[in-house]
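To start, the structure itself, in structure tokens.
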Amino acid sequence: MKIGVPKEIKPNENRIALTPVGAEVLKRHGHKVYIESNAGTGSGFSDTEYKKAGATILKKAKEVFDTADMIMKVKEPIKQEYGLIRKNQVVFTYFHFASSRDLTEAMIKSKCIAIAYETVQKEDLSLPLLIPMSEVAGRMAPQEGAKYLERTMGGRGVLLGGVPGTEPANVIVLGGGIVGTNAAKIAAGFGAKVTIMDNNLYRLRYLDDVMPKNVTTMMSNPFNIREAIKTADLVIGAVLIAGAKAPKLITKNMLKLMRPGSVVVDVSVDQGGCIETCRPTTHANPTYVVNDVLHYCVANMPGAVPFTSTIALTNATLPYAVELADKGWHKACTENHELKLGLNIINGEITYKGVADAFKFKYTDVDEMM
Ligand SMILES: NC(=O)c1ccc[n+]([C@@H]2O[C@H](COP(=O)([O-])OP(=O)(O)OC[C@H]3O[C@@H](n4cnc5c(N)ncnc54)[C@H](O)[C@@H]3O)[C@@H](O)[C@H]2O)c1
């Protein structure tokens, strides 16, 4: 199969959908890989490395789209790319269709096979192609929090781990899923005093077993949260209720209980945020202040560390990409239920119920299209 990887052109997106190692693996499986020139530069991978891996470099995005049977991307196609996608072409990327009617209509019109990373799902309901980005954002959260706790950045001037003879910083993590677990682990590694709050007792039991001594677990409820934030230096929002907006665990009024110069990093901002005063920010302008509390609410945190994010993403997507390339989308999705759940649009028909429902478009059962 011919696999094409164009350069990401969404503003501030430096990731690429395939590493040189990924290109080499696909090549070994007998496939041809076409990379747009400089597509890997933002992630630290040069055209030369891709060439060494056996890929062909093409100058323009149009050439990549025209050549490839399957396009691999990171972000959803944007307007300039809509017209480049053609009938029967497989497009394997993050789509997040429900957040864009324009994109959904464009992909219907193109009659492509749209396989969305975010809906590929394992039997245990986990989302294997979303996990790597939650891991990255979770591990970044204490790093960003530590930075903004510095006095020169507007914080209260607390060192996360403290030093002998001083109290370490007090870090509260709301939500103990992928983001929360990774955040707690890193904050604990820095030497902070960490509390993870979740409303799932089974999850708390597990975390209590695996976390180091400087991490405490606590049931998430308004009373415990109110008490905990009074002495917090850093609060990390990492809550998710699948398919719904994040619950507002810290209201505007509760925020007044927090100390001046303390920091909130709301990773769940992409689902509306679990802190009422949070609104999405960008890497160019990541923070703002409400009631003397610094807010960091960047909606695409992994974009700041494209080298790590690209490798983490490829580690997860590559086995699926290889299966799609080896078998063709139809056989691969018939034989692998996880991939089948990734099918969002086939030949102009919406085959993922959540997407059809979002815009009251016609839904076609995926099995009818197979
Ligand atoms: N900003 C970014 O760049 C970025 C990157 C990756 C993920 N995210 C977002 O981070 C959020 C968390 O993702 P995840 O992968 O960790 O999800 P997850 O499903 O693994 O974990 C969510 C956790 O929240 C807990 N929870 C639900 N309601 C709660 C409540 N009332 N109080 C306390 N805990 C509660 C759940 O029990 C679960 O353990 C999502 O919104 C995700 O989209 C953002």
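Every chain in the structure tokens takes a letter, A first, then B, and so on in the order presented; its residues are numbered from 1, and the ligands are numbered from 1 following the presented order.
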Query raised in the report: Out of range 196-240 of chain A, which residues get strand (DSSP E) from DSSP, as a count of residues only?
Result: 12
For ligand 1, collect every residue having any atom at a distance of at most 7 Å from a ligand atom (counting only C-alpha atoms and all ligand atoms); output as a PDB file with C-alpha atoms, in the first residue's frame.
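Listing of pocket.pdb after writing:
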```pdb
ATOM      1  CA  ILE A 131      -3.873   7.337  26.187  1.00  0.00           C
ATOM      2  CA  MET A 133      -1.523  12.102  24.807  1.00  0.00           C
ATOM      3  CA  SER A 134      -3.092  11.895  28.280  1.00  0.00           C
ATOM      4  CA  ALA A 137      -0.316  16.035  29.351  1.00  0.00           C
ATOM      5  CA  LEU A 174      -8.516  16.060  40.835  1.00  0.00           C
ATOM      6  CA  GLY A 175      -9.221  12.808  38.963  1.00  0.00           C
ATOM      7  CA  GLY A 176      -7.039   9.712  39.198  1.00  0.00           C
ATOM      8  CA  GLY A 177      -7.274   8.396  35.619  1.00  0.00           C
ATOM      9  CA  ILE A 178      -4.474   8.438  33.042  1.00  0.00           C
ATOM     10  CA  VAL A 179      -3.741  12.181  33.322  1.00  0.00           C
ATOM     11  CA  GLY A 180      -4.108  12.246  37.115  1.00  0.00           C
ATOM     12  CA  MET A 197      -8.968  12.820  44.636  1.00  0.00           C
ATOM     13  CA  ASP A 198     -11.287  10.572  42.645  1.00  0.00           C
ATOM     14  CA  ASN A 199     -14.915   9.579  43.170  1.00  0.00           C
ATOM     15  CA  ASN A 200     -14.209   5.960  42.237  1.00  0.00           C
ATOM     16  CA  ARG A 203      -9.531   3.511  41.539  1.00  0.00           C
ATOM     17  CA  SER A 220     -13.618  13.476  45.750  1.00  0.00           C
ATOM     18  CA  ASN A 221     -16.553  15.377  47.234  1.00  0.00           C
ATOM     19  CA  ALA A 238      -7.714  15.743  35.432  1.00  0.00           C
ATOM     20  CA  VAL A 239     -11.352  14.671  35.593  1.00  0.00           C
ATOM     21  CA  LEU A 240     -13.273  13.014  32.777  1.00  0.00           C
ATOM     22  CA  ILE A 241     -16.831  11.836  32.448  1.00  0.00           C
ATOM     23  CA  ALA A 242     -16.816  10.115  29.055  1.00  0.00           C
ATOM     24  CA  ALA A 246     -16.330  17.985  32.977  1.00  0.00           C
ATOM     25  CA  PRO A 247     -18.083  18.596  36.320  1.00  0.00           C
ATOM     26  CA  LEU A 249     -15.406  20.621  41.067  1.00  0.00           C
ATOM     27  CA  VAL A 267      -5.844  19.622  31.868  1.00  0.00           C
ATOM     28  CA  SER A 268      -9.526  18.752  31.464  1.00  0.00           C
ATOM     29  CA  VAL A 269     -10.091  22.162  29.839  1.00  0.00           C
ATOM     30  CA  ASP A 270     -10.699  20.391  26.504  1.00  0.00           C
ATOM     31  CA  GLN A 271     -13.939  19.033  28.017  1.00  0.00           C
ATOM     32  CA  CYS A 297      -5.440  25.948  30.712  1.00  0.00           C
ATOM     33  CA  VAL A 298      -3.729  25.003  27.440  1.00  0.00           C
ATOM     34  CA  ALA A 299      -6.046  22.742  25.471  1.00  0.00           C
ATOM     35  CA  ASN A 300      -3.303  20.948  23.478  1.00  0.00           C
ATOM     36  CA  MET A 301      -0.505  20.530  25.993  1.00  0.00           C
ATOM     37  CA  PRO A 302       1.294  17.705  24.082  1.00  0.00           C
TER      38      PRO A 302
END
```
Query raised in the report: Within 10 Å of Leu103 in chain A, counting only C-alpha atoms, which residues qualify if same-chain residues fewer than 6 places away don't, as JSON, numbers by chain?
Result: {"A": [76, 77, 78, 79, 82, 95, 96, 97, 109]}
Query raised in the report: Rounded to one decimal in Å, what is the spacing between CA of Asp365 in chain A and CA of Gly348 in chain A?
Result: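 One can read the CA of Asp365 in chain A to CA of Gly348 in chain A distance as 12.8 Å.
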Report task. As a PyMOL selection string, please: all residues of range 75-183 of chain A that backbone DSSP puts in alpha helix (DSSP H). Result -> chain A and resi 79-82+101-110+131-148+178-183
Written file, previous selection with C-alpha atoms, as a CSV table (one decimal), in the first residue's frame:
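Okay, this is what ended up in selection-v5.csv:
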```csv
chain,number,residue,atom,x,y,z
A,79,LYS,CA,-10.0,23.6,5.1
A,80,GLN,CA,-7.0,23.8,2.7
A,81,GLU,CA,-6.8,20.0,2.9
A,82,TYR,CA,-10.5,19.1,2.4
A,101,ARG,CA,-19.9,20.3,11.3
A,102,ASP,CA,-17.8,21.7,8.4
A,103,LEU,CA,-15.2,18.9,8.8
A,104,THR,CA,-17.9,16.3,9.0
A,105,GLU,CA,-19.6,17.6,5.8
A,106,ALA,CA,-16.3,17.8,4.0
A,107,MET,CA,-15.4,14.2,4.8
A,108,ILE,CA,-18.9,13.0,3.8
A,109,LYS,CA,-18.5,14.9,0.5
A,110,SER,CA,-15.0,13.4,-0.1
A,131,ILE,CA,-3.9,7.3,26.2
A,132,PRO,CA,-0.4,8.5,25.0
A,133,MET,CA,-1.5,12.1,24.8
A,134,SER,CA,-3.1,11.9,28.3
A,135,GLU,CA,0.2,10.5,29.5
A,136,VAL,CA,2.1,13.4,28.0
A,137,ALA,CA,-0.3,16.0,29.4
A,138,GLY,CA,-0.4,14.4,32.8
A,139,ARG,CA,3.4,14.4,33.1
A,140,MET,CA,3.6,17.9,31.8
A,141,ALA,CA,1.1,19.3,34.3
A,142,PRO,CA,3.4,19.4,37.4
A,143,GLN,CA,6.3,20.6,35.2
A,144,GLU,CA,4.1,23.6,34.1
A,145,GLY,CA,2.8,24.0,37.6
A,146,ALA,CA,6.3,24.1,39.1
A,147,LYS,CA,7.3,26.7,36.6
A,148,TYR,CA,4.4,29.0,37.3
A,178,ILE,CA,-4.5,8.4,33.0
A,179,VAL,CA,-3.7,12.2,33.3
A,180,GLY,CA,-4.1,12.2,37.1
A,181,THR,CA,-2.0,9.2,37.7
A,182,ASN,CA,0.8,10.5,35.5
A,183,ALA,CA,0.6,13.9,37.1
```
Report task. For Glu227 in chain A, work out the shell of residues within 10 Å, counting only C-alpha atoms and skipping chain neighbours fewer than 5 positions away, then give it as a ChimeraX atom specification. Result -> /A:222,232,254,257-258
Requested in this report: Would you work out the distance separating CA of Gly42 in chain A from CA of Asn12 in chain A, expressed in Å to one decimal?
Outcome: 9.6 Å
Report task. Report the distance between CA of Arg205 in chain A and CA of Leu160 in chain A in Å, rounded to one decimal place. Result ->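 Those two atoms sit 25.6 Å apart.
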Query - Residue nearest Gly44 in chain A among A:Phe361, A:Tyr320, A:Tyr352, A:Phe307 (counting only C-alpha atoms) - result: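 Of all the options, A:Phe307 lies closest to Gly44 in chain A.
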Report task. Go through A:Leu125, A:Met70, A:Val64, A:Val194 and flag the residue nearest Val322 in chain A, using only C-alpha atoms for the distances. Result -> A:Met70
Requested in this report: Would you mind listing what lies within 12 Å of Gly40 in chain A as a ChimeraX atom specification, with only C-alpha atoms counted and same-chain residues fewer than 5 positions away left out?
Outcome: /A:5-9,13-20,23,35,45-51,57,73-74,306-307,310-311
Requested write-out: N, CA and C atoms of the selected residues, as a compact mmCIF listing (two decimals), in the first residue's frame:
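Output saved as result04.txt:
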```txt
# COMPACT_ATOMS: atom_id res chain seq x y z
N VAL A 5 2.24 10.82 4.31
CA VAL A 5 2.24 11.60 5.56
C VAL A 5 2.51 13.06 5.22
N PRO A 6 1.45 13.88 5.21
CA PRO A 6 1.67 15.31 4.92
C PRO A 6 2.15 16.07 6.15
N LYS A 7 2.66 17.25 5.93
CA LYS A 7 3.06 18.12 7.05
C LYS A 7 1.80 18.66 7.71
N GLU A 8 1.78 18.70 9.02
CA GLU A 8 0.62 19.26 9.74
C GLU A 8 0.63 20.78 9.55
N ILE A 9 -0.52 21.33 9.15
CA ILE A 9 -0.52 22.77 8.88
C ILE A 9 -1.43 23.55 9.83
N GLU A 13 1.10 23.33 15.39
CA GLU A 13 1.16 21.86 15.45
C GLU A 13 2.48 21.40 14.87
N ASN A 14 3.33 20.85 15.71
CA ASN A 14 4.66 20.43 15.27
C ASN A 14 4.84 18.93 15.22
N ARG A 15 3.78 18.19 15.55
CA ARG A 15 3.93 16.75 15.50
C ARG A 15 3.83 16.25 14.05
N ILE A 16 4.23 14.98 13.85
CA ILE A 16 4.05 14.33 12.55
C ILE A 16 3.50 12.93 12.85
N ALA A 17 2.74 12.37 11.91
CA ALA A 17 2.02 11.13 12.21
C ALA A 17 2.88 9.87 12.19
N LEU A 18 4.12 9.99 11.70
CA LEU A 18 4.95 8.79 11.59
C LEU A 18 6.41 9.17 11.84
N THR A 19 7.11 8.39 12.67
CA THR A 19 8.55 8.62 12.87
C THR A 19 9.32 7.90 11.76
N PRO A 20 10.60 8.19 11.61
CA PRO A 20 11.39 7.42 10.64
C PRO A 20 11.34 5.92 10.95
N ALA A 23 8.27 4.57 9.50
CA ALA A 23 8.38 4.46 8.03
C ALA A 23 9.13 3.18 7.68
N ILE A 35 6.57 10.99 2.37
CA ILE A 35 6.56 12.02 3.41
C ILE A 35 6.69 13.39 2.73
N PHE A 45 12.80 15.43 13.28
CA PHE A 45 13.16 14.39 12.30
C PHE A 45 13.36 15.03 10.92
N SER A 46 14.55 14.82 10.34
CA SER A 46 14.87 15.45 9.06
C SER A 46 14.44 14.58 7.89
N ASP A 47 14.36 15.21 6.72
CA ASP A 47 14.05 14.46 5.48
C ASP A 47 15.07 13.35 5.28
N THR A 48 16.34 13.65 5.62
CA THR A 48 17.41 12.65 5.44
C THR A 48 17.11 11.38 6.24
N GLU A 49 16.63 11.57 7.50
CA GLU A 49 16.33 10.39 8.32
C GLU A 49 15.21 9.56 7.69
N TYR A 50 14.20 10.24 7.15
CA TYR A 50 13.11 9.49 6.49
C TYR A 50 13.62 8.77 5.25
N LYS A 51 14.51 9.45 4.50
CA LYS A 51 15.06 8.81 3.30
C LYS A 51 15.84 7.55 3.69
N ILE A 57 10.58 11.34 -0.28
CA ILE A 57 10.18 12.70 0.11
C ILE A 57 9.49 13.37 -1.08
N LYS A 73 -2.24 11.21 9.56
CA LYS A 73 -2.07 12.58 10.04
C LYS A 73 -2.11 12.57 11.57
N VAL A 74 -1.94 13.76 12.15
CA VAL A 74 -2.10 13.92 13.60
C VAL A 74 -3.44 14.62 13.85
N PRO A 306 6.71 18.16 20.99
CA PRO A 306 6.42 17.35 19.81
C PRO A 306 7.33 16.14 19.64
N PHE A 307 8.56 16.25 20.11
CA PHE A 307 9.48 15.12 19.93
C PHE A 307 8.93 13.90 20.70
N THR A 310 5.28 12.85 19.37
CA THR A 310 5.28 12.15 18.09
C THR A 310 5.67 10.68 18.28
N ILE A 311 6.70 10.45 19.08
CA ILE A 311 7.13 9.06 19.30
C ILE A 311 6.05 8.29 20.07
```
